[in-house]
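Shown below: query_7.txt, with compact mmCIF, C-alpha atoms and all ligand atoms.
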# COMPACT_ATOMS: atom_id res chain seq x y z
CA MET A 825 -114.81 103.23 -8.45
CA ASP A 826 -114.40 102.76 -4.69
CA LEU A 827 -115.55 105.93 -2.94
CA ASP A 828 -114.73 104.79 0.61
CA PHE A 829 -111.59 106.21 2.13
CA THR A 830 -108.90 103.86 3.46
CA PRO A 831 -107.78 104.14 7.12
CA GLU A 832 -104.63 105.96 5.90
CA GLU A 833 -106.73 108.46 3.97
CA LEU A 834 -108.94 109.05 6.99
CA ALA A 835 -105.83 109.62 9.10
CA PHE A 836 -104.63 112.13 6.51
CA ARG A 837 -108.01 113.90 6.68
CA ASP A 838 -107.71 114.14 10.47
CA GLU A 839 -104.19 115.52 10.14
CA VAL A 840 -105.39 118.23 7.73
CA ARG A 841 -108.36 119.02 9.99
CA ALA A 842 -106.09 119.39 13.03
CA PHE A 843 -103.71 121.60 11.08
CA LEU A 844 -106.51 123.88 9.92
CA ALA A 845 -107.94 124.09 13.45
CA ALA A 846 -104.56 125.15 14.78
CA HIS A 847 -103.18 127.33 11.97
CA LEU A 848 -106.01 128.96 10.02
CA PRO A 849 -106.80 132.13 11.97
CA GLU A 850 -110.41 133.21 12.41
CA ARG A 851 -109.52 136.57 10.83
CA LEU A 852 -108.67 134.80 7.56
CA ARG A 853 -111.77 132.61 7.74
CA GLU A 854 -113.93 135.68 8.28
CA GLY A 855 -112.20 137.42 5.35
CA ALA A 856 -112.84 134.44 3.07
CA ARG A 857 -116.50 134.14 4.13
CA ASN A 858 -117.07 137.82 3.45
CA THR A 859 -115.32 138.07 0.10
CA PRO A 860 -117.93 138.46 -2.64
CA SER A 861 -115.43 138.04 -5.46
CA VAL A 862 -113.91 134.96 -7.03
CA PHE A 863 -110.38 136.05 -6.04
CA VAL A 864 -109.54 136.98 -2.46
CA GLU A 865 -107.56 140.13 -1.76
CA PRO A 866 -103.82 139.77 -1.07
CA ASP A 867 -104.23 140.82 2.59
CA ILE A 868 -105.79 137.47 3.40
CA GLY A 869 -104.58 135.40 0.42
CA ASP A 870 -100.87 136.12 0.95
CA GLU A 871 -100.93 135.30 4.64
CA TRP A 872 -102.69 132.01 4.03
CA HIS A 873 -100.21 131.22 1.23
CA ARG A 874 -97.30 131.73 3.65
CA ILE A 875 -98.89 129.54 6.34
CA LEU A 876 -99.46 126.69 3.89
CA HIS A 877 -96.00 127.10 2.40
CA ALA A 878 -94.41 126.83 5.86
CA ARG A 879 -96.20 123.47 6.25
CA GLY A 880 -95.11 122.37 2.73
CA TRP A 881 -98.72 122.16 1.55
CA VAL A 882 -99.05 125.12 -0.79
CA ALA A 883 -98.57 123.29 -4.12
CA TRP A 884 -100.79 120.25 -3.95
CA HIS A 885 -100.97 120.13 -7.76
CA TRP A 886 -97.22 119.79 -8.23
CA PRO A 887 -94.94 116.77 -8.21
CA LYS A 888 -92.70 116.40 -5.16
CA GLU A 889 -89.47 116.96 -7.11
CA PHE A 890 -90.49 120.59 -7.72
CA GLY A 891 -91.56 121.32 -4.15
CA GLY A 892 -95.15 120.11 -4.47
CA THR A 893 -96.86 117.73 -2.09
CA GLY A 894 -96.85 114.86 -4.57
CA TRP A 895 -100.24 113.78 -3.20
CA ASP A 896 -102.36 111.34 -5.12
CA PRO A 897 -105.72 112.64 -6.36
CA VAL A 898 -107.65 111.27 -3.36
CA ARG A 899 -105.49 113.23 -0.95
CA ARG A 900 -105.81 116.34 -3.10
CA TYR A 901 -109.57 115.97 -2.98
CA ILE A 902 -109.60 115.42 0.80
CA PHE A 903 -107.40 118.49 1.26
CA GLU A 904 -109.59 120.73 -0.91
CA LYS A 905 -112.73 119.51 0.84
CA GLU A 906 -111.26 120.29 4.27
CA LEU A 907 -110.18 123.75 3.03
CA ALA A 908 -113.75 124.42 1.91
CA LEU A 909 -115.26 123.19 5.18
CA ALA A 910 -112.86 125.40 7.17
CA ASP A 911 -113.63 128.56 5.12
CA ALA A 912 -110.01 128.83 4.01
CA PRO A 913 -109.26 131.71 1.62
CA ALA A 914 -108.85 130.59 -1.99
CA LEU A 915 -105.23 130.84 -3.11
CA SER A 916 -104.45 132.65 -6.34
CA ILE A 917 -104.42 130.05 -9.09
CA LEU A 918 -102.25 132.09 -11.45
CA GLY A 919 -98.84 130.89 -10.26
CA LEU A 920 -99.71 127.71 -8.39
CA ARG A 921 -102.25 126.14 -10.70
CA LEU A 922 -101.65 127.76 -14.09
CA VAL A 923 -98.05 128.64 -14.91
CA GLY A 924 -96.51 126.39 -12.21
CA PRO A 925 -97.63 123.08 -13.77
CA VAL A 926 -96.66 124.43 -17.22
CA LEU A 927 -93.12 125.07 -15.99
CA CYS A 928 -92.97 121.65 -14.30
CA ARG A 929 -93.88 120.03 -17.62
CA TYR A 930 -92.45 122.25 -20.36
CA GLY A 931 -89.87 124.46 -18.58
CA THR A 932 -86.10 124.09 -18.88
CA PRO A 933 -84.20 123.16 -15.69
CA GLU A 934 -82.99 126.78 -15.54
CA GLN A 935 -86.57 128.13 -15.82
CA GLN A 936 -87.75 125.68 -13.17
CA ALA A 937 -84.95 126.74 -10.81
CA ARG A 938 -85.57 130.44 -11.48
CA PHE A 939 -89.37 130.57 -11.20
CA LEU A 940 -90.82 127.66 -9.23
CA PRO A 941 -89.30 128.42 -5.78
CA ARG A 942 -90.63 132.00 -5.96
CA ILE A 943 -94.13 130.78 -6.82
CA LEU A 944 -93.94 128.40 -3.88
CA ASP A 945 -92.86 131.00 -1.33
CA GLY A 946 -95.22 133.61 -2.79
CA SER A 947 -92.48 136.16 -3.37
CA GLU A 948 -93.41 136.55 -7.07
CA LYS A 949 -96.94 136.90 -8.38
CA TRP A 950 -98.29 136.17 -11.82
CA CYS A 951 -100.99 137.22 -14.23
CA GLN A 952 -102.35 135.60 -17.38
CA GLY A 953 -101.99 137.43 -20.68
CA TYR A 954 -104.17 135.41 -23.04
CA SER A 955 -107.26 137.50 -23.94
CA GLU A 956 -107.18 140.59 -26.13
CA PRO A 957 -109.91 143.05 -27.12
CA GLY A 958 -110.41 141.12 -30.39
CA ALA A 959 -109.46 137.65 -29.17
CA GLY A 960 -111.28 135.92 -26.32
CA SER A 961 -113.23 132.85 -27.37
CA ASP A 962 -111.35 132.94 -30.65
CA LEU A 963 -108.01 133.09 -28.88
CA ALA A 964 -106.00 132.00 -31.93
CA SER A 965 -106.74 135.33 -33.59
CA LEU A 966 -104.62 137.16 -30.99
CA LYS A 967 -102.51 139.99 -32.41
CA THR A 968 -99.92 140.81 -29.75
CA ARG A 969 -96.63 140.61 -31.61
CA ALA A 970 -93.29 139.45 -30.20
CA GLU A 971 -90.41 140.29 -32.49
CA ARG A 972 -87.08 138.64 -31.88
CA ARG A 973 -84.04 140.91 -31.64
CA GLY A 974 -80.91 139.05 -30.57
CA ASP A 975 -81.51 137.53 -27.15
CA ARG A 976 -84.73 139.54 -26.60
CA TYR A 977 -88.32 139.65 -27.75
CA ILE A 978 -89.92 143.08 -28.19
CA LEU A 979 -93.67 142.92 -27.51
CA ASN A 980 -96.37 145.20 -28.84
CA GLY A 981 -100.12 144.85 -28.38
CA THR A 982 -102.68 144.79 -25.61
CA LYS A 983 -104.12 142.19 -23.24
CA ILE A 984 -107.47 142.58 -21.52
CA TRP A 985 -109.36 141.19 -18.51
CA THR A 986 -105.97 140.49 -16.98
CA THR A 987 -106.81 139.39 -13.44
CA HIS A 988 -104.57 140.86 -10.73
CA ALA A 989 -102.11 142.38 -13.24
CA HIS A 990 -101.84 145.22 -10.71
CA TYR A 991 -100.25 142.84 -8.19
CA ALA A 992 -98.20 140.79 -10.64
CA ASP A 993 -94.42 140.64 -11.03
CA TRP A 994 -94.70 138.45 -14.13
CA MET A 995 -97.16 137.76 -16.90
CA PHE A 996 -97.33 134.48 -18.80
CA CYS A 997 -98.40 135.59 -22.19
CA LEU A 998 -99.33 134.31 -25.62
CA ALA A 999 -97.79 136.34 -28.42
CA ARG A 1000 -97.41 135.96 -32.16
CA THR A 1001 -93.80 135.26 -33.04
CA ASP A 1002 -94.50 134.29 -36.66
CA PRO A 1003 -97.16 136.39 -38.40
CA GLN A 1004 -96.82 134.35 -41.64
CA ALA A 1005 -97.69 130.97 -40.07
CA LYS A 1006 -101.24 129.63 -39.62
CA PRO A 1007 -102.90 131.35 -36.61
CA GLN A 1008 -102.25 128.57 -34.04
CA ALA A 1009 -98.79 127.75 -35.36
CA GLY A 1010 -97.34 131.24 -35.03
CA ILE A 1011 -97.93 131.64 -31.27
CA SER A 1012 -95.33 131.35 -28.49
CA PHE A 1013 -95.63 131.20 -24.69
CA LEU A 1014 -93.52 133.93 -23.11
CA LEU A 1015 -92.80 134.95 -19.52
CA VAL A 1016 -92.71 138.74 -19.33
CA PRO A 1017 -91.58 140.89 -16.38
CA MET A 1018 -94.39 143.29 -15.47
CA ARG A 1019 -92.35 146.04 -13.84
CA GLN A 1020 -90.79 147.72 -16.86
CA PRO A 1021 -91.38 150.97 -18.81
CA GLY A 1022 -93.01 149.20 -21.80
CA ILE A 1023 -95.98 148.02 -19.71
CA THR A 1024 -98.98 150.11 -18.69
CA ILE A 1025 -101.82 148.73 -16.57
CA ARG A 1026 -105.26 150.29 -16.75
CA PRO A 1027 -107.76 149.16 -14.09
CA ILE A 1028 -111.22 147.91 -15.09
CA VAL A 1029 -113.79 148.17 -12.30
CA THR A 1030 -116.55 145.61 -12.85
CA LEU A 1031 -120.31 145.79 -12.37
CA ALA A 1032 -120.04 144.63 -8.75
CA GLY A 1033 -117.58 147.44 -7.95
CA ASP A 1034 -114.51 145.19 -7.71
CA HIS A 1035 -111.11 145.94 -9.15
CA GLU A 1036 -109.84 142.52 -10.16
CA VAL A 1037 -109.23 142.86 -13.88
CA ASN A 1038 -107.22 145.24 -16.04
CA GLN A 1039 -106.19 146.10 -19.54
CA VAL A 1040 -102.44 145.75 -20.07
CA PHE A 1041 -100.69 147.68 -22.83
CA LEU A 1042 -97.38 146.42 -24.20
CA ASP A 1043 -95.44 149.15 -26.00
CA ASP A 1044 -91.99 147.87 -26.88
CA ALA A 1045 -92.06 145.78 -23.73
CA GLU A 1046 -89.13 143.38 -23.50
CA THR A 1047 -88.48 139.86 -22.41
CA ARG A 1048 -85.57 137.48 -22.84
CA VAL A 1049 -85.55 134.60 -25.31
CA GLU A 1050 -84.44 132.34 -22.42
CA TRP A 1051 -87.82 133.09 -20.79
CA ARG A 1052 -89.81 131.56 -23.66
CA VAL A 1053 -91.39 128.29 -22.52
CA GLY A 1054 -91.17 125.52 -25.13
CA GLU A 1055 -90.16 126.13 -28.71
CA GLU A 1056 -91.13 129.08 -30.85
CA GLY A 1057 -94.59 128.24 -32.23
CA GLN A 1058 -95.37 125.71 -29.46
CA GLY A 1059 -97.43 128.27 -27.52
CA TRP A 1060 -100.81 126.94 -28.62
CA GLU A 1061 -100.11 123.43 -27.33
CA ILE A 1062 -98.92 124.85 -23.99
CA ALA A 1063 -101.89 127.23 -23.82
CA LYS A 1064 -104.29 124.30 -24.16
CA PHE A 1065 -102.49 122.28 -21.45
CA LEU A 1066 -102.81 125.28 -19.14
CA LEU A 1067 -106.49 125.84 -19.95
CA GLU A 1068 -107.33 122.24 -19.05
CA ASN A 1069 -105.82 122.86 -15.62
CA GLU A 1070 -107.68 126.17 -15.32
CA ARG A 1071 -111.00 124.52 -16.14
CA GLY A 1072 -110.67 121.19 -14.41
CA GLY A 1073 -107.61 121.29 -12.20
CA SER A 1074 -109.31 121.30 -8.83
CA CYS A 1075 -112.55 120.43 -7.08
CA ALA A 1076 -115.35 122.98 -7.29
CA ALA A 1077 -118.05 120.90 -5.61
CA PRO A 1078 -116.86 121.07 -1.96
CA ARG A 1079 -117.07 124.88 -1.88
CA ILE A 1080 -120.42 124.89 -3.66
CA LEU A 1081 -121.79 122.43 -1.10
CA VAL A 1082 -120.56 124.65 1.74
CA ASP A 1083 -122.24 127.66 0.11
CA ILE A 1084 -125.50 125.71 -0.22
CA ALA A 1085 -125.36 124.70 3.46
CA ARG A 1086 -124.82 128.35 4.39
CA LEU A 1087 -127.72 129.39 2.20
CA LYS A 1088 -129.96 126.88 3.98
CA GLN A 1089 -129.03 128.40 7.34
CA ALA A 1090 -129.68 131.90 6.01
CA ALA A 1091 -133.07 130.84 4.65
CA GLU A 1092 -134.03 129.62 8.08
CA ALA A 1093 -132.76 132.74 9.82
CA GLU A 1094 -133.97 135.49 7.46
CA PRO A 1095 -137.68 136.28 7.78
CA SER A 1096 -137.93 137.71 4.26
CA GLY A 1097 -140.03 136.75 1.27
CA ALA A 1098 -143.69 137.29 0.49
CA ASN A 1099 -145.00 134.65 2.91
CA GLY A 1100 -142.75 135.22 5.87
CA ALA A 1101 -139.95 132.80 6.62
CA LEU A 1102 -138.59 131.49 3.35
CA GLY A 1103 -136.95 128.67 5.28
CA ARG A 1104 -140.39 127.01 5.58
CA ASP A 1105 -141.33 127.56 1.95
CA PRO A 1106 -141.60 124.12 0.21
CA GLU A 1107 -140.70 125.56 -3.18
CA LEU A 1108 -137.49 127.00 -1.76
CA ALA A 1109 -136.69 123.70 -0.04
CA ARG A 1110 -137.18 121.95 -3.40
CA ARG A 1111 -134.81 124.35 -5.18
CA LEU A 1112 -132.18 124.02 -2.48
CA ALA A 1113 -132.43 120.23 -2.53
CA ARG A 1114 -132.04 120.20 -6.30
CA LEU A 1115 -128.94 122.39 -6.15
CA GLU A 1116 -127.49 120.14 -3.49
CA LEU A 1117 -128.13 117.02 -5.58
CA GLU A 1118 -126.51 118.63 -8.60
CA ALA A 1119 -123.49 119.62 -6.49
CA LEU A 1120 -123.20 116.05 -5.17
CA ALA A 1121 -123.36 114.72 -8.73
CA LEU A 1122 -120.64 117.20 -9.70
CA GLU A 1123 -118.54 115.98 -6.78
CA THR A 1124 -118.79 112.40 -8.07
CA THR A 1125 -117.75 113.53 -11.55
CA GLU A 1126 -114.78 115.41 -10.10
CA LEU A 1127 -113.74 112.31 -8.17
CA ARG A 1128 -113.94 110.29 -11.34
CA ILE A 1129 -111.69 112.78 -13.15
CA LEU A 1130 -109.22 112.63 -10.26
CA ALA A 1131 -109.20 108.84 -10.51
CA ASP A 1132 -108.37 109.19 -14.22
CA GLN A 1133 -105.59 111.63 -13.43
CA ALA A 1134 -104.16 109.14 -10.95
CA LYS A 1135 -103.65 106.84 -13.94
CA GLY A 1136 -101.68 109.58 -15.68
CA ARG A 1137 -104.46 110.84 -17.94
CA ARG A 1138 -104.95 114.56 -18.59
CA PRO A 1139 -108.37 116.04 -17.75
CA GLY A 1140 -109.06 116.58 -21.49
CA PRO A 1141 -112.59 117.58 -22.52
CA GLN A 1142 -113.94 116.43 -19.13
CA ALA A 1143 -112.47 119.66 -17.78
CA SER A 1144 -114.95 121.55 -19.96
CA LEU A 1145 -117.83 119.51 -18.58
CA VAL A 1146 -116.87 120.28 -14.99
CA LYS A 1147 -116.26 123.96 -15.72
CA LEU A 1148 -119.69 124.26 -17.38
CA ILE A 1149 -121.62 122.52 -14.59
CA ALA A 1150 -119.73 124.24 -11.77
CA ALA A 1151 -120.18 127.70 -13.29
CA ASN A 1152 -123.93 127.22 -13.75
CA LEU A 1153 -124.33 125.84 -10.23
CA ARG A 1154 -122.42 128.70 -8.64
CA GLN A 1155 -124.57 131.22 -10.42
CA ALA A 1156 -127.74 129.39 -9.41
CA VAL A 1157 -126.64 129.50 -5.75
CA ASP A 1158 -125.89 133.24 -5.98
CA GLU A 1159 -129.24 133.87 -7.64
CA LEU A 1160 -131.13 132.03 -4.93
CA ALA A 1161 -129.27 134.00 -2.25
CA VAL A 1162 -130.49 137.28 -3.72
CA GLU A 1163 -134.05 135.95 -3.70
CA ILE A 1164 -133.79 134.68 -0.13
CA PHE A 1165 -132.71 138.03 1.23
CA GLY A 1166 -135.55 139.81 -0.57
CA PRO A 1167 -135.15 143.63 -0.61
CA LEU A 1168 -132.05 143.39 1.64
CA GLY A 1169 -130.43 141.30 -1.06
CA LEU A 1170 -130.53 144.27 -3.41
CA GLN A 1171 -128.01 146.39 -1.47
CA LEU A 1172 -124.69 146.80 -3.25
CA PRO A 1173 -121.82 148.05 -1.10
CA THR A 1174 -119.34 150.04 -3.18
CA THR A 1175 -116.31 149.83 -0.89
CA ARG A 1176 -114.11 146.84 -0.19
CA PRO A 1177 -113.28 144.79 1.79
CA LEU A 1178 -116.50 143.62 3.46
CA TYR A 1179 -114.58 142.28 6.48
CA GLY A 1180 -112.43 143.86 9.15
CA ASN A 1181 -112.83 147.20 10.91
CA ALA A 1182 -113.24 149.30 7.77
CA ALA A 1183 -116.13 147.20 6.37
CA PRO A 1184 -119.30 149.22 5.66
CA GLU A 1185 -122.26 148.55 7.99
CA PRO A 1186 -124.72 146.11 6.40
CA VAL A 1187 -128.44 146.74 6.18
CA GLY A 1188 -129.60 143.56 7.92
CA SER A 1189 -127.04 140.76 8.16
CA ARG A 1190 -123.56 140.57 6.63
CA ALA A 1191 -124.81 137.63 4.54
CA ALA A 1192 -127.54 139.84 3.07
CA GLN A 1193 -124.95 142.52 2.29
CA LEU A 1194 -122.87 139.99 0.37
CA ALA A 1195 -125.68 138.62 -1.79
CA MET A 1196 -125.83 141.16 -4.62
CA ALA A 1197 -122.06 141.76 -4.72
CA SER A 1198 -121.50 137.98 -5.01
CA TYR A 1199 -124.24 137.63 -7.60
CA LEU A 1200 -122.80 140.36 -9.83
CA ASN A 1201 -119.20 139.27 -9.41
CA GLY A 1202 -120.19 135.67 -10.07
CA ARG A 1203 -121.56 136.50 -13.52
CA ALA A 1204 -117.92 136.05 -14.55
CA TRP A 1205 -117.97 132.30 -13.76
CA THR A 1206 -119.61 131.55 -17.11
CA ILE A 1207 -117.13 133.77 -18.98
CA PHE A 1208 -113.54 133.37 -17.74
CA GLY A 1209 -111.54 130.28 -18.58
CA GLY A 1210 -113.76 130.07 -21.69
CA THR A 1211 -117.48 130.88 -21.87
CA ASN A 1212 -120.28 128.34 -21.48
CA GLU A 1213 -120.80 128.33 -25.23
CA VAL A 1214 -117.13 127.57 -25.82
CA GLN A 1215 -117.22 124.68 -23.30
CA LYS A 1216 -120.35 123.32 -25.00
CA GLY A 1217 -118.57 123.51 -28.36
CA ILE A 1218 -115.64 121.47 -26.98
CA ILE A 1219 -118.01 118.88 -25.45
CA ALA A 1220 -119.96 118.64 -28.71
CA ARG A 1221 -116.82 118.05 -30.77
CA GLN A 1222 -114.59 116.06 -28.46
CA VAL A 1223 -117.04 114.10 -26.27
CA LEU A 1224 -120.13 113.68 -28.43
CA GLY A 1225 -118.27 113.63 -31.76
CA LEU A 1226 -120.75 116.04 -33.37
C1 LIG A 1301 -113.63 138.34 -14.34
C2 LIG A 1301 -112.84 137.89 -15.54
C3 LIG A 1301 -111.51 137.58 -15.38
C4 LIG A 1301 -110.74 137.22 -16.49
N1 LIG A 1301 -109.40 137.00 -16.31
C5 LIG A 1301 -108.63 136.77 -17.39
C6 LIG A 1301 -107.20 136.69 -17.25
O1 LIG A 1301 -106.65 136.80 -16.15
N2 LIG A 1301 -106.46 136.52 -18.37
C7 LIG A 1301 -107.03 136.38 -19.60
O2 LIG A 1301 -106.28 136.20 -20.56
N3 LIG A 1301 -108.37 136.47 -19.77
C8 LIG A 1301 -109.17 136.66 -18.69
N4 LIG A 1301 -110.53 136.78 -18.86
C9 LIG A 1301 -111.07 136.80 -20.22
C10 LIG A 1301 -111.94 135.61 -20.59
O3 LIG A 1301 -111.16 134.47 -20.83
C11 LIG A 1301 -112.72 136.04 -21.84
O4 LIG A 1301 -113.59 137.09 -21.45
C12 LIG A 1301 -113.52 134.90 -22.44
O5 LIG A 1301 -112.67 133.94 -23.01
C13 LIG A 1301 -114.53 135.40 -23.49
O6 LIG A 1301 -113.91 136.19 -24.44
P1 LIG A 1301 -114.50 137.62 -24.84
O7 LIG A 1301 -114.71 138.41 -23.57
O8 LIG A 1301 -113.60 138.22 -25.86
O9 LIG A 1301 -115.93 137.36 -25.46
P2 LIG A 1301 -116.25 136.91 -26.96
O10 LIG A 1301 -115.29 135.83 -27.35
O11 LIG A 1301 -116.30 138.11 -27.81
O12 LIG A 1301 -117.68 136.28 -26.80
C14 LIG A 1301 -118.88 137.07 -26.78
C15 LIG A 1301 -120.08 136.11 -26.74
O13 LIG A 1301 -120.08 135.32 -27.96
C16 LIG A 1301 -120.13 133.94 -27.62
N5 LIG A 1301 -119.32 133.16 -28.56
C17 LIG A 1301 -118.08 133.44 -28.99
N6 LIG A 1301 -117.63 132.46 -29.80
C18 LIG A 1301 -118.62 131.53 -29.89
C19 LIG A 1301 -118.74 130.27 -30.56
N7 LIG A 1301 -117.76 129.80 -31.31
N8 LIG A 1301 -119.91 129.59 -30.40
C20 LIG A 1301 -120.91 130.07 -29.61
N9 LIG A 1301 -120.84 131.26 -28.96
C21 LIG A 1301 -119.71 131.98 -29.09
C22 LIG A 1301 -119.50 133.85 -26.25
O14 LIG A 1301 -119.92 132.66 -25.57
C23 LIG A 1301 -120.01 135.11 -25.59
O15 LIG A 1301 -121.30 134.92 -25.08
C24 LIG A 1301 -111.33 137.12 -17.77
C25 LIG A 1301 -112.70 137.41 -17.92
C26 LIG A 1301 -113.44 137.80 -16.83
C27 LIG A 1301 -114.90 138.12 -17.02
Show this structure as structure tokens.
Ligand SMILES: Cc1cc2nc3c(=O)[nH]c(=O)nc-3n(C[C@H](O)[C@H](O)[C@H](O)COP(=O)(O)OP(=O)(O)OC[C@H]3O[C@@H](n4cnc5c(N)ncnc54)[C@H](O)[C@@H]3O)c2cc1C
Amino acid sequence: MDLDFTPEELAFRDEVRAFLAAHLPERLREGARNTPSVFVEPDIGDEWHRILHARGWVAWHWPKEFGGTGWDPVRRYIFEKELALADAPALSILGLRLVGPVLCRYGTPEQQARFLPRILDGSEKWCQGYSEPGAGSDLASLKTRAERRGDRYILNGTKIWTTHAHYADWMFCLARTDPQAKPQAGISFLLVPMRQPGITIRPIVTLAGDHEVNQVFLDDAETRVEWRVGEEGQGWEIAKFLLENERGGSCAAPRILVDIARLKQAAEAEPSGANGALGRDPELARRLARLELEALALETTELRILADQAKGRRPGPQASLVKLIAANLRQAVDELAVEIFGPLGLQLPTTRPLYGNAAPEPVGSRAAQLAMASYLNGRAWTIFGGTNEVQKGIIARQVLGL
């Protein structure tokens, strides 16, 4: 694989760089830097979404015919790397990276015309209704029932850990349409409007003090048959396509490398640790160097997957490999940050956001204030999108043939 960029690709990189310098406001960069959670809040995420949409660059995972950029994988990689280097807020993946590509591939022309433009302009938000209290890793045992009555489905059940359900206009949801069929065969993929009497959202505040996830109760909630994606019973196949994009659809390494660089700076600036400046501690330097090498190796793997995708291949089980490595690396970086800040790294601010005028005063630096909140929030990396054990199971079966 040729890892050198062509002159055209370098020109594209410069174009992206110039755009970010001119159009990504410092307020949004500061917000992104000081967000301890995986998902940014809508106050910064929505504005950034609108700016990118105005430039036509919001859907870099979509084909051109649906309003995406149509970029080849190298350009997508260059774009994501520049976003990371510029401290751009992460966009919500729920519409753009999860249900959007599903609709591009499996949606009817009517569904594509109804939903895709509103994902692109950010006017409709989405949440993911897969997990249930008794069905996470073993997703096929989900119990939410969708009963067909004329041109409607009536849904009953509950979904849990539903990220940003409190902001969502729509939920893409897996529900059992045929209770007699084998578990995987009886599931359908339904698009359900969130603002209706049959839906109740109960917030779940996590260990770090963030409200990102919820439990969603469906009590005779309704959706239209025309809003089912694919055939009845095809939901499992579509769910797996979506999960591959969730696990391996973008590049994790550039942001991890930026975080490691920031950690290095902090280690040099913060005079904490038992022996004074941790920045001069050889053991710390060794750990940082190791993390950096692992992140660079991950970057090469991600580039290889992108090269495969350029040939029309789906990420497949490689997505699990990347998800596993990236999740472990992110947690290792967060863990090291807490150690570097010593006692100051133990503070846990309970209000949000940690940027702007209303942000609580840090004890020590803002970076120290972020350490514990990021560490606790980041425990979720090895859980959502499928736990580490589940990814290892997939790798064992589908890559190693065990
Ligand atoms: C912050 C966050 C956001 C999330 N957002 C969403 C969302 O928006 N929408 C959504 O649908 N879901 C979401 N999830 C849910 C997530 O996908 C599930 O939590 C995850 O799939 C694990 O399921 P579970 O919580 O039921 O744990 P369980 O499946 O009960 O697992 C418990 C433990 O058992 C282990 N285990 C289970 N099965 C096996 C096995 N076969 N082999 C080895 N070990 C096993 C697991 O690895 C884990 O350690 C989110 C989760 C978190 C933490």
inquiry  = Taking all atoms listed in the file and a cut-off of 8 Å, can you tell me which residues surround ligand LIG 1301 (chain A), written as a ChimeraX atom specification?
reply    = /A:918,951-963,983-989,1030,1036-1037,1201,1203-1205,1207-1214,1217
ask   = Which one of A:Ala1191, A:Gly946, A:Leu1153, A:Ala910 sits closest to Gly1169 (chain A) if you count only C-alpha atoms?
value = A:Ala1191
ask   = Could you list as a ChimeraX atom specification every residue that has an atom within 7 Å of (-108.9, 147.0, -13.5), using the file's coordinates and counting all atoms listed in the file?
value = /A:1026-1029,1035-1039
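Across the structure, CA of Gly924 (chain A) and CA of Glu889 (chain A) are spaced 12.8 Å apart.
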Shell of 6 Å around region 1042-1051 of chain A, all atoms listed in the file, local chain residues under 5 positions omitted, as a tab-separated table (two decimals) with C-alpha atoms, in the coordinates of the input:
chain	number	residue	atom	x	y	z
A	975	ASP	CA	-81.51	137.53	-27.15
A	976	ARG	CA	-84.73	139.54	-26.60
A	977	TYR	CA	-88.32	139.65	-27.75
A	978	ILE	CA	-89.92	143.08	-28.19
A	979	LEU	CA	-93.67	142.92	-27.51
A	980	ASN	CA	-96.37	145.20	-28.84
A	981	GLY	CA	-100.12	144.85	-28.38
A	982	THR	CA	-102.68	144.79	-25.61
A	1015	LEU	CA	-92.80	134.95	-19.52
A	1016	VAL	CA	-92.71	138.74	-19.33
A	1022	GLY	CA	-93.01	149.20	-21.80
A	1023	ILE	CA	-95.98	148.02	-19.71
One-decimal distance in Å that lies between CA of Arg853 (chain A) and CA of Arg921 (chain A) =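 So the two atoms, CA of Arg921 (chain A) and CA of Arg853 (chain A), lie 21.7 Å apart.
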task = Work out how far CA of Ile1080 (chain A) is from CA of Arg857 (chain A), in Å to one decimal.
result =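 Separating CA of Arg857 (chain A) from CA of Ile1080 (chain A) is a distance of 12.7 Å.
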Starting from the sparse input, extend region 839-847 of chain A to N, CA and C atoms and give the output as a short mmCIF file (atom, residue, chain, number, x, y, z; two decimals), in the coordinates of the input.
data_model
loop_
_atom_site.label_atom_id
_atom_site.label_comp_id
_atom_site.auth_asym_id
_atom_site.auth_seq_id
_atom_site.Cartn_x
_atom_site.Cartn_y
_atom_site.Cartn_z
N GLU A 839 -105.40 114.69 10.01
CA GLU A 839 -104.19 115.52 10.14
C GLU A 839 -104.45 116.91 9.54
N VAL A 840 -105.08 116.94 8.38
CA VAL A 840 -105.39 118.23 7.73
C VAL A 840 -106.34 119.03 8.63
N ARG A 841 -107.36 118.35 9.14
CA ARG A 841 -108.36 119.02 9.99
C ARG A 841 -107.69 119.65 11.21
N ALA A 842 -106.78 118.89 11.83
CA ALA A 842 -106.09 119.39 13.03
C ALA A 842 -105.21 120.58 12.67
N PHE A 843 -104.56 120.48 11.51
CA PHE A 843 -103.71 121.60 11.08
C PHE A 843 -104.54 122.86 10.87
N LEU A 844 -105.67 122.70 10.20
CA LEU A 844 -106.51 123.88 9.92
C LEU A 844 -107.05 124.47 11.23
N ALA A 845 -107.43 123.59 12.16
CA ALA A 845 -107.94 124.09 13.45
C ALA A 845 -106.88 124.90 14.17
N ALA A 846 -105.63 124.48 14.03
CA ALA A 846 -104.56 125.15 14.78
C ALA A 846 -103.97 126.35 14.04
N HIS A 847 -103.98 126.34 12.71
CA HIS A 847 -103.18 127.33 11.97
C HIS A 847 -103.96 128.25 11.04
#
